[in-house]
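Student: Got a structure for you, data_19.csv, holding CSV, C-alpha atoms.
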```csv
chain,number,residue,atom,x,y,z
A,92,MET,CA,16.3,-14.2,-39.1
A,93,THR,CA,17.1,-12.3,-35.9
A,94,ILE,CA,14.8,-10.1,-33.8
A,95,ARG,CA,16.3,-6.7,-33.0
A,96,ALA,CA,15.1,-3.9,-30.7
A,97,VAL,CA,14.9,-1.0,-33.1
A,98,PRO,CA,14.5,2.7,-32.1
A,99,VAL,CA,11.3,4.1,-33.7
A,100,GLY,CA,10.6,7.2,-31.6
A,101,ILE,CA,12.3,9.5,-29.2
A,102,GLY,CA,11.4,12.7,-27.3
A,103,HIS,CA,12.4,14.7,-24.3
A,104,TYR,CA,11.0,17.2,-21.7
A,105,LEU,CA,12.8,19.9,-19.8
A,106,PRO,CA,11.2,22.0,-17.0
A,107,SER,CA,10.6,25.6,-17.9
A,108,ARG,CA,12.8,27.0,-15.2
A,109,ILE,CA,16.4,27.5,-16.4
A,110,VAL,CA,19.0,28.0,-13.6
A,111,PRO,CA,22.2,29.6,-14.8
A,112,ASN,CA,25.4,29.3,-12.7
A,113,ALA,CA,24.9,32.9,-11.7
A,114,GLU,CA,22.1,31.8,-9.3
A,115,PHE,CA,24.6,29.7,-7.4
A,116,GLU,CA,27.0,32.7,-7.2
A,117,ALA,CA,24.3,34.6,-5.5
A,118,MET,CA,23.6,32.0,-2.8
A,119,GLU,CA,24.8,33.1,0.6
A,120,GLY,CA,27.5,30.8,2.0
A,121,LEU,CA,27.9,28.6,-1.1
A,122,GLU,CA,31.1,30.4,-2.2
A,123,THR,CA,31.1,29.4,-5.8
A,124,THR,CA,31.4,31.2,-9.2
A,125,ASP,CA,30.4,30.6,-12.7
A,126,GLU,CA,34.0,30.1,-13.7
A,127,TRP,CA,34.5,27.5,-10.9
A,128,ILE,CA,31.5,25.5,-12.0
A,129,ARG,CA,32.4,25.7,-15.7
A,130,THR,CA,36.0,24.8,-15.4
A,131,ARG,CA,35.3,21.7,-13.2
A,132,SER,CA,32.1,20.4,-14.9
A,133,GLY,CA,31.5,22.2,-18.2
A,134,ILE,CA,28.0,23.1,-16.9
A,135,GLU,CA,26.6,26.5,-17.7
A,136,ARG,CA,22.9,26.1,-16.9
A,137,ARG,CA,20.4,23.4,-15.9
A,138,HIS,CA,16.6,23.0,-15.5
A,139,PHE,CA,14.8,22.6,-12.2
A,140,ALA,CA,11.3,21.2,-11.9
A,141,ALA,CA,8.6,23.7,-10.8
A,142,GLU,CA,7.0,23.4,-7.3
A,143,GLY,CA,4.6,20.4,-7.5
A,144,GLU,CA,6.1,19.1,-10.8
A,145,THR,CA,7.0,15.5,-10.4
A,146,THR,CA,9.2,12.9,-12.1
A,147,SER,CA,6.2,11.0,-13.4
A,148,GLN,CA,4.7,14.2,-15.0
A,149,MET,CA,8.0,14.9,-16.8
A,150,ALA,CA,8.2,11.2,-17.9
A,151,VAL,CA,4.7,11.4,-19.4
A,152,ALA,CA,5.5,14.6,-21.3
A,153,ALA,CA,8.7,13.0,-22.8
A,154,ALA,CA,6.8,9.8,-23.6
A,155,GLN,CA,4.0,11.7,-25.4
A,156,LYS,CA,6.7,13.3,-27.6
A,157,ALA,CA,8.3,9.9,-28.3
A,158,LEU,CA,4.9,8.5,-29.3
A,159,SER,CA,4.2,11.4,-31.6
A,160,HIS,CA,7.6,11.0,-33.2
A,161,ALA,CA,7.0,7.3,-33.8
A,162,GLY,CA,3.4,7.9,-35.0
A,163,LEU,CA,2.1,5.5,-32.3
A,164,SER,CA,-0.6,5.6,-29.7
A,165,ALA,CA,-0.2,4.6,-26.0
A,166,ASN,CA,-2.0,1.3,-26.6
A,167,ASP,CA,0.6,0.3,-29.2
A,168,ILE,CA,3.1,-0.1,-26.3
A,169,ASP,CA,3.5,-3.4,-24.5
A,170,ALA,CA,5.7,-2.3,-21.7
A,171,VAL,CA,7.0,0.8,-19.9
A,172,ILE,CA,10.3,0.9,-18.2
A,173,VAL,CA,11.3,4.0,-16.2
A,174,ALA,CA,14.8,4.5,-15.0
A,175,THR,CA,14.8,6.8,-12.0
A,176,SER,CA,16.3,7.4,-8.5
A,177,THR,CA,13.8,10.1,-7.7
A,178,PRO,CA,10.3,8.5,-7.9
A,179,ASP,CA,7.2,10.5,-6.9
A,180,LEU,CA,6.4,8.0,-4.1
A,181,THR,CA,8.1,5.0,-2.4
A,182,PHE,CA,5.6,3.0,-4.4
A,183,PRO,CA,3.9,2.4,-6.7
A,184,SER,CA,6.4,2.7,-9.5
A,185,VAL,CA,6.7,5.8,-11.7
A,186,ALA,CA,6.3,3.5,-14.7
A,187,THR,CA,2.7,2.6,-13.6
A,188,MET,CA,2.0,6.3,-13.2
A,189,VAL,CA,3.2,6.9,-16.7
A,190,GLN,CA,1.1,4.0,-17.9
A,191,ALA,CA,-2.0,5.6,-16.4
A,192,GLY,CA,-1.0,9.1,-17.5
A,193,LEU,CA,-0.7,7.9,-21.1
A,194,GLY,CA,-4.0,6.1,-21.0
A,195,MET,CA,-2.6,2.7,-21.6
A,196,THR,CA,-5.2,0.0,-21.0
A,197,SER,CA,-3.0,-3.0,-21.3
A,198,GLY,CA,0.7,-4.0,-21.0
A,199,PHE,CA,3.0,-3.8,-17.9
A,200,ALA,CA,5.2,-1.3,-16.3
A,201,PHE,CA,8.1,-1.2,-13.8
A,202,ASP,CA,11.0,1.0,-12.6
A,203,ILE,CA,14.7,0.4,-12.7
A,204,GLN,CA,17.0,2.0,-10.2
A,205,ALA,CA,20.7,2.1,-11.2
A,206,VAL,CA,21.2,5.9,-10.6
A,207,CYS,CA,23.1,7.5,-13.5
A,208,ALA,CA,23.5,4.1,-15.2
A,209,GLY,CA,19.7,3.6,-15.1
A,210,PHE,CA,18.9,4.2,-18.7
A,211,VAL,CA,21.6,1.8,-19.9
A,212,TYR,CA,20.2,-0.8,-17.6
A,213,ALA,CA,16.7,-0.1,-18.8
A,214,LEU,CA,17.8,-0.4,-22.5
A,215,ALA,CA,19.4,-3.8,-21.7
A,216,ASN,CA,16.2,-5.0,-20.0
A,217,ALA,CA,14.0,-3.7,-22.8
A,218,ASN,CA,16.2,-5.4,-25.4
A,219,ALA,CA,15.9,-8.7,-23.4
A,220,LEU,CA,12.1,-8.4,-23.4
A,221,ILE,CA,11.9,-7.8,-27.1
A,222,VAL,CA,14.5,-10.5,-28.1
A,223,SER,CA,12.7,-13.1,-25.9
A,224,GLY,CA,9.4,-12.3,-27.4
A,225,GLN,CA,7.7,-11.0,-24.3
A,226,ALA,CA,7.1,-7.5,-25.8
A,227,THR,CA,6.9,-6.0,-29.3
A,228,ARG,CA,7.2,-2.4,-28.3
A,229,VAL,CA,8.8,-1.1,-25.2
A,230,LEU,CA,8.8,2.6,-24.0
A,231,VAL,CA,12.1,3.2,-22.2
A,232,ILE,CA,12.2,6.4,-20.1
A,233,GLY,CA,14.8,8.1,-18.0
A,234,ALA,CA,13.3,10.8,-15.7
A,235,GLU,CA,14.7,12.6,-12.6
A,236,THR,CA,14.1,15.4,-10.2
A,237,PHE,CA,17.5,15.5,-8.6
A,238,SER,CA,16.9,19.1,-7.4
A,239,ARG,CA,14.8,17.5,-4.6
A,240,ILE,CA,17.8,15.6,-3.1
A,241,MET,CA,20.5,18.3,-3.1
A,242,ASP,CA,22.4,19.7,-0.1
A,243,TRP,CA,22.3,23.4,-1.0
A,244,THR,CA,25.3,24.1,1.3
A,245,ASP,CA,27.6,21.7,-0.6
A,246,ARG,CA,29.1,23.4,-3.7
A,247,THR,CA,30.8,20.2,-4.9
A,248,THR,CA,27.4,18.6,-5.6
A,249,CYS,CA,24.5,21.0,-5.7
A,250,VAL,CA,25.8,22.9,-8.8
A,251,LEU,CA,26.1,19.7,-10.9
A,252,PHE,CA,22.6,18.3,-11.2
A,253,GLY,CA,19.4,19.1,-13.0
A,254,ASP,CA,16.0,17.8,-13.8
A,255,GLY,CA,14.4,16.4,-17.0
A,256,ALA,CA,13.2,13.4,-18.9
A,257,GLY,CA,13.9,11.5,-22.1
A,258,ALA,CA,11.9,8.7,-23.7
A,259,LEU,CA,12.8,6.1,-26.4
A,260,ILE,CA,10.5,3.6,-28.1
A,261,LEU,CA,12.1,0.3,-29.1
A,262,GLU,CA,10.2,-2.1,-31.5
A,263,ALA,CA,10.8,-5.7,-32.5
A,264,GLN,CA,11.9,-6.0,-36.1
A,265,GLU,CA,13.3,-8.8,-38.1
A,266,ALA,CA,16.9,-8.4,-39.2
A,267,GLU,CA,19.8,-10.4,-40.7
A,268,GLY,CA,21.7,-10.9,-37.5
A,269,THR,CA,24.8,-9.0,-38.5
A,270,SER,CA,26.5,-5.9,-37.2
A,271,GLU,CA,24.8,-3.9,-40.0
A,272,ASP,CA,21.4,-4.4,-38.5
A,273,ARG,CA,19.4,-1.5,-37.1
A,274,GLY,CA,18.6,-1.7,-33.4
A,275,ILE,CA,20.5,-2.8,-30.2
A,276,LEU,CA,23.5,-4.9,-31.2
A,277,SER,CA,25.0,-5.5,-27.8
A,278,THR,CA,24.8,-4.6,-24.1
A,279,ASP,CA,27.3,-4.8,-21.2
A,280,LEU,CA,26.4,-4.3,-17.6
A,281,HIS,CA,28.5,-4.2,-14.3
A,282,SER,CA,28.2,-3.3,-10.7
A,283,ASP,CA,30.4,-3.3,-7.6
A,284,GLY,CA,28.7,-2.6,-4.3
A,285,THR,CA,32.0,-2.2,-2.4
A,286,PHE,CA,32.1,1.3,-3.8
A,287,ARG,CA,28.8,2.3,-2.3
A,288,ASP,CA,30.2,5.2,-0.2
A,289,LEU,CA,31.6,7.0,-3.3
A,290,LEU,CA,28.1,8.2,-4.4
A,291,TYR,CA,24.9,7.7,-2.3
A,292,VAL,CA,22.0,9.4,-0.7
A,293,ASP,CA,22.1,9.6,3.1
A,294,GLY,CA,18.5,8.6,3.7
A,295,GLY,CA,16.0,5.9,3.0
A,296,VAL,CA,12.8,4.1,4.0
A,297,SER,CA,14.4,1.3,6.1
A,298,SER,CA,17.3,3.3,7.4
A,299,THR,CA,16.5,6.9,8.4
A,300,GLY,CA,12.9,7.2,7.3
A,301,THR,CA,13.9,10.4,5.4
A,302,THR,CA,14.6,11.2,1.8
A,303,GLY,CA,18.2,12.3,2.5
A,304,VAL,CA,20.5,14.2,0.3
A,305,LEU,CA,23.2,13.3,-2.2
A,306,ARG,CA,26.8,12.7,-1.1
A,307,MET,CA,29.7,12.2,-3.5
A,308,GLN,CA,33.4,11.7,-3.5
A,309,GLY,CA,34.0,13.5,-6.8
A,310,ARG,CA,37.7,12.8,-7.2
A,311,GLU,CA,37.2,9.0,-6.7
A,312,ILE,CA,34.2,8.9,-9.0
A,313,PHE,CA,36.2,10.6,-11.7
A,314,ARG,CA,39.0,8.0,-11.4
A,315,HIS,CA,36.6,5.1,-11.6
A,316,ALA,CA,34.4,6.6,-14.4
A,317,VAL,CA,37.0,7.1,-17.1
A,318,GLU,CA,38.6,3.7,-16.6
A,319,LYS,CA,35.3,1.7,-16.3
A,320,LEU,CA,33.4,3.6,-19.1
A,321,ALA,CA,36.2,3.0,-21.6
A,322,LYS,CA,36.4,-0.7,-20.7
A,323,THR,CA,32.7,-1.3,-20.9
A,324,ALA,CA,32.5,0.4,-24.3
A,325,GLU,CA,35.3,-1.8,-25.6
A,326,ILE,CA,33.5,-4.9,-24.4
A,327,SER,CA,30.2,-3.8,-26.0
A,328,LEU,CA,31.9,-3.1,-29.3
A,329,GLU,CA,33.6,-6.5,-29.2
A,330,LYS,CA,30.3,-8.3,-28.5
A,331,ALA,CA,28.8,-6.5,-31.6
A,332,GLY,CA,31.8,-7.5,-33.8
A,333,LEU,CA,32.6,-3.8,-34.3
A,334,ASN,CA,35.5,-1.4,-33.4
A,335,VAL,CA,36.0,2.2,-32.5
A,336,ALA,CA,36.4,3.3,-36.1
A,337,ASP,CA,32.8,2.1,-36.8
A,338,ILE,CA,31.2,4.6,-34.3
A,339,ASP,CA,29.3,7.5,-35.7
A,340,TRP,CA,28.3,9.0,-32.3
A,341,VAL,CA,29.1,8.5,-28.7
A,342,VAL,CA,26.1,9.5,-26.6
A,343,PRO,CA,27.5,9.4,-23.0
A,344,HIS,CA,26.0,10.0,-19.6
A,345,GLN,CA,26.3,13.8,-19.2
A,346,ALA,CA,27.9,13.9,-15.8
A,347,ASN,CA,30.9,16.1,-16.3
A,348,ILE,CA,32.8,17.4,-19.4
A,349,ARG,CA,36.1,16.2,-18.0
A,350,ILE,CA,34.8,12.6,-17.6
A,351,ILE,CA,33.4,12.8,-21.1
A,352,THR,CA,36.6,14.1,-22.7
A,353,GLY,CA,38.7,11.7,-20.7
A,354,THR,CA,36.7,8.7,-21.7
A,355,VAL,CA,36.6,9.6,-25.4
A,356,LYS,CA,40.3,10.2,-25.4
A,357,LYS,CA,40.7,6.6,-24.1
A,358,PHE,CA,38.5,5.5,-27.0
A,359,GLY,CA,40.7,7.4,-29.4
A,360,LEU,CA,37.8,9.3,-30.8
A,361,PRO,CA,37.6,13.1,-31.5
A,362,MET,CA,35.1,15.2,-29.5
A,363,GLU,CA,33.3,16.0,-32.8
A,364,LYS,CA,31.8,12.5,-32.6
A,365,VAL,CA,30.3,13.1,-29.2
A,366,ILE,CA,26.8,14.4,-28.4
A,367,VAL,CA,27.4,16.8,-25.5
A,368,THR,CA,24.5,18.5,-23.6
A,369,VAL,CA,26.0,18.8,-20.1
A,370,GLN,CA,26.5,22.5,-20.6
A,371,ASP,CA,22.7,23.0,-21.0
A,372,HIS,CA,21.2,20.3,-18.8
A,373,GLY,CA,23.8,19.6,-16.1
A,374,ASN,CA,23.8,16.0,-14.8
A,375,THR,CA,20.3,14.7,-15.0
A,376,SER,CA,21.3,11.2,-13.9
A,377,ALA,CA,19.2,8.5,-15.7
A,378,ALA,CA,17.6,11.1,-17.9
A,379,SER,CA,20.8,12.4,-19.4
A,380,ILE,CA,21.4,9.8,-22.1
A,381,PRO,CA,17.9,9.9,-23.6
A,382,LEU,CA,17.9,13.7,-23.3
A,383,ALA,CA,21.2,13.9,-25.3
A,384,MET,CA,20.0,11.3,-27.8
A,385,SER,CA,16.8,13.2,-28.4
A,386,VAL,CA,18.6,16.5,-28.9
A,387,GLY,CA,21.0,14.7,-31.4
A,388,VAL,CA,18.0,13.4,-33.4
A,389,GLU,CA,16.1,16.7,-33.2
A,390,ASP,CA,19.0,18.7,-34.5
A,391,GLY,CA,19.7,16.2,-37.3
A,392,ARG,CA,23.1,14.9,-36.2
A,393,ILE,CA,21.8,11.4,-35.5
A,394,GLN,CA,20.5,9.8,-38.7
A,395,PRO,CA,19.1,6.4,-39.6
A,396,GLY,CA,21.9,3.9,-40.0
A,397,HIS,CA,24.3,5.7,-37.7
A,398,LEU,CA,26.1,3.6,-35.1
A,399,LEU,CA,25.8,4.8,-31.5
A,400,ILE,CA,27.5,3.8,-28.4
A,401,THR,CA,26.2,5.0,-25.1
A,402,GLU,CA,27.8,4.4,-21.6
A,403,ALA,CA,27.1,5.5,-18.1
A,404,ILE,CA,28.3,5.0,-14.5
A,405,GLY,CA,26.4,5.8,-11.3
A,406,GLY,CA,26.0,5.1,-7.6
A,407,GLY,CA,26.4,1.4,-6.7
A,408,LEU,CA,28.8,1.6,-8.4
A,409,ALA,CA,26.8,0.5,-11.4
A,410,TRP,CA,28.0,1.0,-15.0
A,411,GLY,CA,27.5,-0.3,-18.5
A,412,SER,CA,27.1,0.4,-22.2
A,413,VAL,CA,24.9,-0.3,-25.2
A,414,VAL,CA,25.8,-0.4,-28.9
A,415,MET,CA,22.9,0.6,-31.1
A,416,ARG,CA,22.4,1.3,-34.8
A,417,TRP,CA,19.8,4.1,-35.3
```
Rewrite the coordinates I just gave you, this time as structure tokens.
Tutor:
Amino acid sequence: MTIRAVPVGIGHYLPSRIVPNAEFEAMEGLETTDEWIRTRSGIERRHFAAEGETTSQMAVAAAQKALSHAGLSANDIDAVIVATSTPDLTFPSVATMVQAGLGMTSGFAFDIQAVCAGFVYALANANALIVSGQATRVLVIGAETFSRIMDWTDRTTCVLFGDGAGALILEAQEAEGTSEDRGILSTDLHSDGTFRDLLYVDGGVSSTGTTGVLRMQGREIFRHAVEKLAKTAEISLEKAGLNVADIDWVVPHQANIRIITGTVKKFGLPMEKVIVTVQDHGNTSAASIPLAMSVGVEDGRIQPGHLLITEAIGGGLAWGSVVMRW
């Protein structure tokens, strides 16, 4: 028998403030339009956290929904992993704040920082904890308040990002050890630090002592994204002993509709097999995949037994993919 990390609960949280593209049109000096934003990104609206609303608070809200969906309590969880690049504080980790916020009295918690690829990295780590026997149930969360690190004079970046959180609970279950098993079937992770300057935040504790704001070379990111995402998906499928024809749903990082369509075209899949939420959420970095996954489950598209592949690329550059049967 084989142990698999099987999804048993999912949930998401979005701040109440919805920001349509029209708000950016009205910003003096930004010189952008709804049409400009839509045609380049596919984004129509996004959510921004309220004043005083933090990454950990959103993460707790998403986690509570995932626990409810799974029919579990906080003390049924052995570990909490939060993927975020926008923590409440330099330390302690957001994950420990979530642990406290949920009322967990045992277990362990830690953060992962791989920017937009963070949730994929978190899934891979959660899978390793479960397969190795170190945890039976792991709560994996992506949560971000990217609205706090925007340069509001840069129309090429500030219109792209939003805030939110998504949470997934993985549970150790016995399986046959075949590609028909439910749960995570394969993972594939990569990074290349020589591309640091393509996407970064120009501040930090040991450099400037400031938070900084996001900087991005969009054209170069696009070029790397399509090529690297298609390749990592191919590797993950091969590791799982599957092929593109087996995929029921692609749940990609929701960065940009052009990246999503370009990557799926390389897969040779129709867009009808892709869960797309970028139009409603914008790019929520590490939160985008669990948000999209939760929406897909909530509206009934993702069903038990469906084969999902999820992939993401973010600052680092860091990228990767996960094949999972729901």
Student: Could you tell me, as a VMD selection string, which residues have any atom at most 7 Å from (18.0, 2.8, -39.4), counting only C-alpha atoms?
Tutor: chain A and resid 273 395 to 396 416 to 417
Student: Neighbouring residues of segment 376-388 of chain A were defined as those with any atom within 7 Å, considering all atoms listed in the file; residues of the same chain fewer than 4 positions away were excluded. Please report them as a list in words.
Tutor: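 Non-adjacent residues within range: Ile101, Gly102, His103, Ala174, Thr175, Val206, Cys207, Ala208, Gly209, Phe210, Gly233, Ala234, Glu235, Gly255, Ala256, Gly257, Ala258, Leu259, Val342, Pro343, His344, Gln345, Ile366, Val367, Thr368, Arg392, Ile393 and Gln394 of chain A.
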Student: Could you check which residues have any atom within 12 Å of (13.6, 20.7, -3.6), counting all atoms listed in the file with coordinates taken straight from the file, and then list them as a list in words?
Tutor: Phe139, Ala140, Ala141, Glu142, Gly143, Glu144, Thr145, Thr177, Thr236, Phe237, Ser238, Arg239, Ile240, Met241, Asp242, Trp243, Cys249, Gly253, Asp254, Thr302, Gly303 and Val304 of chain A
Student: Take atom CA of Leu399 of chain A and atom CA of Trp340 of chain A and report the distance between them in Å, one decimal.
Tutor: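 Between these atoms lies a distance of 5.0 Å.
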Student: With distances taken over only C-alpha atoms, which residue among A:Asp179, A:Ser297, A:Val171, A:Glu114 lies nearest Ala191 of chain A?
Tutor: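 Comparing A:Asp179, A:Ser297, A:Val171, A:Glu114 against Ala191 of chain A, the winner is A:Val171.
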Student: Counting all atoms listed in the file, what is within 10 Å of Gly274 of chain A, bar same-chain residues fewer than 2 positions away, as a PyMOL selection string?
Tutor: chain A and resi 94-99+218+261-264+266+270-272+276-277+396+398-399+414-417
Student: Considering only C-alpha atoms, can you say which of A:Gln190, A:Thr181, A:Asn216, A:Asn112 comes closest to Phe252 of chain A?
Tutor: A:Asn112
Student: Find the residues near Arg306 of chain A: any atom within 12 Å, counting only C-alpha atoms, skip ones fewer than 2 places away on the same chain, and give them as a PyMOL selection string.
Tutor: chain A and resi 240-249+287-294+303-304+308-309+312+406
Student: Please, could you write that set of residues out with C-alpha atoms as a PDB file, keeping the file's coordinate frame?
Tutor:
```pdb
ATOM      1  CA  ILE A 240      17.800  15.600  -3.100  1.00  0.00           C
ATOM      2  CA  MET A 241      20.500  18.300  -3.100  1.00  0.00           C
ATOM      3  CA  ASP A 242      22.400  19.700  -0.100  1.00  0.00           C
ATOM      4  CA  TRP A 243      22.300  23.400  -1.000  1.00  0.00           C
ATOM      5  CA  THR A 244      25.300  24.100   1.300  1.00  0.00           C
ATOM      6  CA  ASP A 245      27.600  21.700  -0.600  1.00  0.00           C
ATOM      7  CA  ARG A 246      29.100  23.400  -3.700  1.00  0.00           C
ATOM      8  CA  THR A 247      30.800  20.200  -4.900  1.00  0.00           C
ATOM      9  CA  THR A 248      27.400  18.600  -5.600  1.00  0.00           C
ATOM     10  CA  CYS A 249      24.500  21.000  -5.700  1.00  0.00           C
ATOM     11  CA  ARG A 287      28.800   2.300  -2.300  1.00  0.00           C
ATOM     12  CA  ASP A 288      30.200   5.200  -0.200  1.00  0.00           C
ATOM     13  CA  LEU A 289      31.600   7.000  -3.300  1.00  0.00           C
ATOM     14  CA  LEU A 290      28.100   8.200  -4.400  1.00  0.00           C
ATOM     15  CA  TYR A 291      24.900   7.700  -2.300  1.00  0.00           C
ATOM     16  CA  VAL A 292      22.000   9.400  -0.700  1.00  0.00           C
ATOM     17  CA  ASP A 293      22.100   9.600   3.100  1.00  0.00           C
ATOM     18  CA  GLY A 294      18.500   8.600   3.700  1.00  0.00           C
ATOM     19  CA  GLY A 303      18.200  12.300   2.500  1.00  0.00           C
ATOM     20  CA  VAL A 304      20.500  14.200   0.300  1.00  0.00           C
ATOM     21  CA  GLN A 308      33.400  11.700  -3.500  1.00  0.00           C
ATOM     22  CA  GLY A 309      34.000  13.500  -6.800  1.00  0.00           C
ATOM     23  CA  ILE A 312      34.200   8.900  -9.000  1.00  0.00           C
ATOM     24  CA  GLY A 406      26.000   5.100  -7.600  1.00  0.00           C
TER      25      GLY A 406
END
```
Student: Of the candidates A:Leu121, A:Ala403, A:Val413, A:Ala157, which shows the shortest atom-to-atom distance to Ser282 of chain A, using only C-alpha atoms?
Tutor: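 So, comparing all the options, the nearest one is A:Ala403.
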Student: Leaving out Val189 of chain A and any residue of its chain fewer than 4 positions from it, which residues lie within 7 Å of it when counting all atoms listed in the file, given as an NGL selection string?
Tutor: :A and (147 or 150-151 or 185 or 193)
Student: Measure the distance from atom CA of Ile350 of chain A to atom CA of Gly391 of chain A in Å and round it to one decimal.
Tutor: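 Going from atom CA of Ile350 of chain A over to atom CA of Gly391 of chain A, I get 25.1 Å.
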Student: Name all residues at most 7 Å from Gly353 of chain A (count only C-alpha atoms; drop same-chain ones fewer than 4 positions away) and give them as a list of chain:residue names.
Tutor: A:Val317, A:Arg349, A:Lys357
Student: Between A:Gly192, A:Gly405, A:Gly300, A:Pro183, which has the minimum distance to Lys319 of chain A (counting all atoms listed in the file)?
Tutor: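 Ranked by minimum distance to Lys319 of chain A, first place goes to A:Gly405.
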Student: Please determine, counting only C-alpha atoms, which residue among A:Ile400, A:Leu408, A:Ala154, A:Met362 has the shortest atom-to-atom distance to Val229 of chain A.
Tutor: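 Of all the options, A:Ala154 lies closest to Val229 of chain A.
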Student: Would you mind reading off the distance between atom CA of Glu122 of chain A and atom CA of Met307 of chain A, one decimal, in Å?
Tutor: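 These atoms are spaced 18.3 Å apart.
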Student: So that each row is one residue of segment 183-297 of chain A with an atom at most 8 Å from segment 158-167 of chain A, can you give its shortest atom pair and the distance in Å to one decimal, using all atoms listed in the file, rows by chain and rising number, as JSON lines?
Tutor:
```
{"residue": "A:Leu193", "atom": "CA", "partner": "A:Ala165", "partner_atom": "CA", "distance": 5.9}
{"residue": "A:Gly194", "atom": "CA", "partner": "A:Ala165", "partner_atom": "CA", "distance": 6.5}
{"residue": "A:Met195", "atom": "CA", "partner": "A:Asn166", "partner_atom": "CA", "distance": 5.2}
{"residue": "A:Thr196", "atom": "CA", "partner": "A:Asn166", "partner_atom": "CA", "distance": 6.6}
{"residue": "A:Ser197", "atom": "CA", "partner": "A:Asn166", "partner_atom": "CA", "distance": 6.9}
{"residue": "A:Arg228", "atom": "CA", "partner": "A:Asp167", "partner_atom": "CA", "distance": 7.2}
{"residue": "A:Ile260", "atom": "CA", "partner": "A:Leu158", "partner_atom": "CA", "distance": 7.5}
```
Student: Determine the nearest neighbour of Thr187 of chain A from the options A:Gln148, A:Thr299, A:Val341, A:Ala219, counting all atoms listed in the file.
Tutor: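 Of the candidates, the smallest distance to Thr187 of chain A is held by A:Gln148.
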